[in-house]
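Comments concern the structure below.
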Amino acid sequence: MKRSLKEFILKMTEKLNEEKVLSFQQFEGSDDYIASQELQEAVNVALLLQKPLLLKGEPGTGKTLLAKAVANALNRPLFTWHVKSTSKAQEGLYTYDALQRLYDSRFNDKNVSDLKQYIKYGGLGKAFLCEQASVVLIDEIDKADIDFPNDLLHELDAMTMSIYETGETFEAKHRPLIIITSNNEKELPDAFLRRCVFHFIAFPDVQQMLKIVKVHHPKIEDLLLDQLLSKFYALRNVPQLRKLPSTSELIDWIGVLIKAGIDPQKLAQKLPFLGTLLKKEQDLQLVEQLMRKKSDLR
Ligand SMILES: Nc1ncnc2c1ncn2[C@@H]1O[C@H](COP(=O)(O)OP(=O)(O)OP(=O)(O)O)[C@@H](O)[C@H]1O
Ligand SMILES: [Mg+2]
């Protein structure tokens, strides 16, 4: 009896999985982007619910790169929008180049009454006009002022773009997958959060990091990589570090060590090229002091 129940559950799970595959394209990571199970699920939930995916996590944990990986894996075009402190939500849809029009009007070689030529589409605008479903990256949303996410709400909900200058209105042909990254510099409003699927990219554990490093340095020997990772995690565990070294810094550090030719014996006494991992002079001094005292990081 027990066995047949187990078999039944297994069969149902398989069936559900099959149905899910049929009903929407799923993200399962890619050759050059290692995504945890939880991150894959978050992307797939965002695809299923057709809601933006809001990503947070330490710097260098692959938030920005994810959009590229998802676009590649799902074979969709990627439109990126790097938010700045001066960005306005409207710019994601389009901007009107009044200055160019004024400039053109000085010469008589262009029809300046055709306003369409002065409309420049932003990442969201391009995605709305795209003939196929795309991925839009809104990178570092927390850089802009507090009104920015609130102003975006309407566009994200309605998926329409009205161009005031030409009187045109476009409805998104396909709802794009929107990936929004934030480094937590500013709080995002609740109304905005309500419309998103949220995922915090946890700092990779050793097993996950092994896979990430191998994507970037496929030829590295396992034994050496183990040794470097244990140094790296020991470094991250040093109390009072002001800025913890990130995945991308680890990848750079290993890259330099490989290029310079590493002597695994010497790693116990000295960590070379520390400046690729630590970016604050107080952190460098602290670690150098510790190494002098203990002659190793543990
Ligand atoms: N899961 C991963 N798989 C493969 N490479 C990764 C992964 N995570 C991080 N990396 C590496 O780290 C680099 C930094 O990633 P990315 O720029 O996406 O981080 P981020 O979280 O956006 O950082 P920041 O908050 O500073 O913008 C990537 O270029 C890549 O080399
Ligand atoms: Mg980033």
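We label chains A, B, ... in the order they appear in the structure tokens, count residues from 1 in each chain, and number ligands from 1 in the order shown.
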Identify, counting only C-alpha atoms and all ligand atoms, the protein, DNA and RNA residues located within 8 Å of ligand 1, and give them as a PDB file with C-alpha atoms, in the first residue's frame.
ATOM      1  CA  ASP A  32      28.250  29.953 -18.249  1.00  0.00           C
ATOM      2  CA  TYR A  33      25.897  30.883 -15.434  1.00  0.00           C
ATOM      3  CA  ILE A  34      25.486  28.677 -12.384  1.00  0.00           C
ATOM      4  CA  ALA A  35      22.047  29.244 -10.892  1.00  0.00           C
ATOM      5  CA  SER A  36      20.982  27.677  -7.609  1.00  0.00           C
ATOM      6  CA  LYS A  56      18.967  41.567  -4.325  1.00  0.00           C
ATOM      7  CA  GLY A  57      22.215  40.169  -3.013  1.00  0.00           C
ATOM      8  CA  GLU A  58      25.797  41.117  -2.197  1.00  0.00           C
ATOM      9  CA  PRO A  59      27.684  42.910  -4.976  1.00  0.00           C
ATOM     10  CA  GLY A  60      29.199  40.480  -7.451  1.00  0.00           C
ATOM     11  CA  THR A  61      26.756  37.632  -6.851  1.00  0.00           C
ATOM     12  CA  GLY A  62      25.603  37.547 -10.461  1.00  0.00           C
ATOM     13  CA  LYS A  63      22.459  39.711 -10.324  1.00  0.00           C
ATOM     14  CA  THR A  64      23.183  41.623 -13.525  1.00  0.00           C
ATOM     15  CA  LEU A  65      24.613  38.626 -15.344  1.00  0.00           C
ATOM     16  CA  LEU A  66      21.460  36.605 -14.682  1.00  0.00           C
ATOM     17  CA  ASP A 139      19.828  47.324 -13.471  1.00  0.00           C
ATOM     18  CA  GLU A 140      20.373  48.981 -10.077  1.00  0.00           C
ATOM     19  CA  THR A 181      18.396  44.403  -9.627  1.00  0.00           C
ATOM     20  CA  SER A 182      18.945  46.392  -6.454  1.00  0.00           C
ATOM     21  CA  ASN A 183      21.921  46.837  -4.178  1.00  0.00           C
ATOM     22  CA  LYS A 211      31.110  25.308 -10.175  1.00  0.00           C
ATOM     23  CA  ILE A 212      31.147  29.095 -10.705  1.00  0.00           C
ATOM     24  CA  VAL A 213      34.957  29.271 -10.698  1.00  0.00           C
ATOM     25  CA  VAL A 215      32.978  28.247 -15.584  1.00  0.00           C
ATOM     26  CA  HIS A 216      35.628  30.965 -15.666  1.00  0.00           C
ATOM     27  CA  SER A 246      32.891  38.847  -3.742  1.00  0.00           C
ATOM     28  CA  THR A 247      32.534  36.108  -6.330  1.00  0.00           C
ATOM     29  CA  SER A 248      33.770  38.356  -9.117  1.00  0.00           C
ATOM     30  CA  GLU A 249      36.830  39.341  -7.074  1.00  0.00           C
ATOM     31  CA  ILE A 251      37.411  34.955 -10.097  1.00  0.00           C
TER      32      ILE A 251
END
Which neighbours of Glu28 (chain A) fall inside 7 Å, counting only C-alpha atoms, when residues of the same chain fewer than 2 positions from it are skipped, and could you give them as a ChimeraX atom specification?
/A:26,30,40
Extract, using only C-alpha atoms, all DNA, RNA and protein residues at most 12 Å from His82 (chain A), discarding same-chain residues fewer than 5 positions from it, and format them as a count of residues only.
22
For Leu210 (chain A), please output as a PyMOL selection string all residues within 9 Å (counting only C-alpha atoms; exclusion window: fewer than 4 positions along the same chain).
chain A and resi 205-206+214-215+222+225-226+229
Emit the selected residues as a PDB file, in the first residue's frame, including N, CA and C atoms.
ATOM      1  N   ASP A 205      27.690  28.825  -1.560  1.00  0.00           N
ATOM      2  CA  ASP A 205      28.480  27.974  -0.658  1.00  0.00           C
ATOM      3  C   ASP A 205      29.640  27.386  -1.469  1.00  0.00           C
ATOM      4  N   VAL A 206      30.498  26.616  -0.790  1.00  0.00           N
ATOM      5  CA  VAL A 206      31.728  26.161  -1.459  1.00  0.00           C
ATOM      6  C   VAL A 206      31.415  25.337  -2.715  1.00  0.00           C
ATOM      7  N   LYS A 214      34.810  27.211 -11.965  1.00  0.00           N
ATOM      8  CA  LYS A 214      35.148  26.336 -13.113  1.00  0.00           C
ATOM      9  C   LYS A 214      34.604  26.871 -14.434  1.00  0.00           C
ATOM     10  N   VAL A 215      33.496  27.632 -14.356  1.00  0.00           N
ATOM     11  CA  VAL A 215      32.978  28.247 -15.584  1.00  0.00           C
ATOM     12  C   VAL A 215      34.024  29.213 -16.151  1.00  0.00           C
ATOM     13  N   ASP A 222      41.631  20.555  -9.319  1.00  0.00           N
ATOM     14  CA  ASP A 222      40.683  20.499  -8.197  1.00  0.00           C
ATOM     15  C   ASP A 222      41.350  20.777  -6.846  1.00  0.00           C
ATOM     16  N   LEU A 225      42.185  24.401  -6.474  1.00  0.00           N
ATOM     17  CA  LEU A 225      40.949  25.178  -6.318  1.00  0.00           C
ATOM     18  C   LEU A 225      40.420  25.027  -4.888  1.00  0.00           C
ATOM     19  N   ASP A 226      40.465  23.813  -4.354  1.00  0.00           N
ATOM     20  CA  ASP A 226      40.030  23.602  -2.957  1.00  0.00           C
ATOM     21  C   ASP A 226      40.830  24.500  -2.021  1.00  0.00           C
ATOM     22  N   LEU A 229      39.884  28.145  -2.431  1.00  0.00           N
ATOM     23  CA  LEU A 229      38.559  28.447  -1.878  1.00  0.00           C
ATOM     24  C   LEU A 229      38.593  28.471  -0.357  1.00  0.00           C
TER      25      LEU A 229
END
Please, what distance in Å, to one decimal, runs between CA of Asp97 (chain A) and CA of Arg175 (chain A)?
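Going from CA of Asp97 (chain A) over to CA of Arg175 (chain A), I get 26.8 Å.
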Hey, can you check how far CA of Ile146 (chain A) sits from CA of Thr86 (chain A)?
11.2 Å
Could you pull out the strand (DSSP E) residues of region 147-185 of chain A from DSSP and send them as a JSON list (two decimals) with N, CA and C atoms, in the first residue's frame?
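So the final result, stored in out-v8.json, reads:
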[["chain", "number", "residue", "atom", "x", "y", "z"],
["A", 160, "THR", "N", 1.64, 49.24, -21.68],
["A", 160, "THR", "CA", 1.36, 50.08, -22.85],
["A", 160, "THR", "C", 2.29, 51.29, -22.80],
["A", 161, "MET", "N", 2.50, 51.86, -23.96],
["A", 161, "MET", "CA", 3.38, 53.03, -24.04],
["A", 161, "MET", "C", 2.68, 54.09, -24.90],
["A", 162, "SER", "N", 2.43, 55.24, -24.31],
["A", 162, "SER", "CA", 1.81, 56.32, -25.07],
["A", 162, "SER", "C", 2.88, 57.36, -25.38],
["A", 163, "ILE", "N", 2.98, 57.69, -26.65],
["A", 163, "ILE", "CA", 3.97, 58.69, -27.05],
["A", 163, "ILE", "C", 3.25, 60.02, -27.26],
["A", 168, "GLU", "N", 0.85, 58.44, -30.59],
["A", 168, "GLU", "CA", 0.71, 56.99, -30.77],
["A", 168, "GLU", "C", 0.62, 56.28, -29.41],
["A", 169, "THR", "N", -0.04, 55.13, -29.41],
["A", 169, "THR", "CA", -0.05, 54.28, -28.22],
["A", 169, "THR", "C", 0.27, 52.86, -28.66],
["A", 170, "PHE", "N", 1.20, 52.26, -27.98],
["A", 170, "PHE", "CA", 1.57, 50.88, -28.32],
["A", 170, "PHE", "C", 1.26, 49.97, -27.14],
["A", 171, "GLU", "N", 0.73, 48.82, -27.47],
["A", 171, "GLU", "CA", 0.53, 47.81, -26.43],
["A", 171, "GLU", "C", 1.62, 46.77, -26.62],
["A", 177, "LEU", "N", 9.96, 39.37, -19.84],
["A", 177, "LEU", "CA", 10.36, 39.03, -18.47],
["A", 177, "LEU", "C", 11.24, 40.19, -18.01],
["A", 178, "ILE", "N", 10.84, 40.84, -16.93],
["A", 178, "ILE", "CA", 11.59, 42.00, -16.45],
["A", 178, "ILE", "C", 12.41, 41.58, -15.24],
["A", 179, "ILE", "N", 13.72, 41.79, -15.32],
["A", 179, "ILE", "CA", 14.60, 41.46, -14.19],
["A", 179, "ILE", "C", 15.13, 42.78, -13.64],
["A", 180, "ILE", "N", 14.86, 43.00, -12.37],
["A", 180, "ILE", "CA", 15.24, 44.27, -11.73],
["A", 180, "ILE", "C", 16.28, 43.95, -10.65],
["A", 181, "THR", "N", 17.41, 44.65, -10.68],
["A", 181, "THR", "CA", 18.40, 44.40, -9.63],
["A", 181, "THR", "C", 18.47, 45.61, -8.69]]
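A straight line drawn from CA of Asn44 (chain A) to CA of Asn75 (chain A) is 14.8 Å long.
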Need to verify the contact set: Lys231 (chain A), 12 Å, only C-alpha atoms, exclusion of same-chain residues closer than 2 positions in sequence. Can you return it as number ranges by chain?
A: 206, 224-229, 233-238, 245, 250, 253-254, 264, 267-272, 274, 277, 287, 291, 296-298
I'd like to know which of A:Gln100, A:Ser134, A:Gln289, A:Thr80 is closest to Val112 (chain A), using only C-alpha atoms.
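With only C-alpha atoms as the atom set, the closest residue is A:Gln100.
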Among listed residues A:Asp190, A:Gln132, A:Ala127, A:Ile201, nearest ligand 2 (using only C-alpha atoms and all ligand atoms)
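The closest residue to ligand 2 is A:Ile201.
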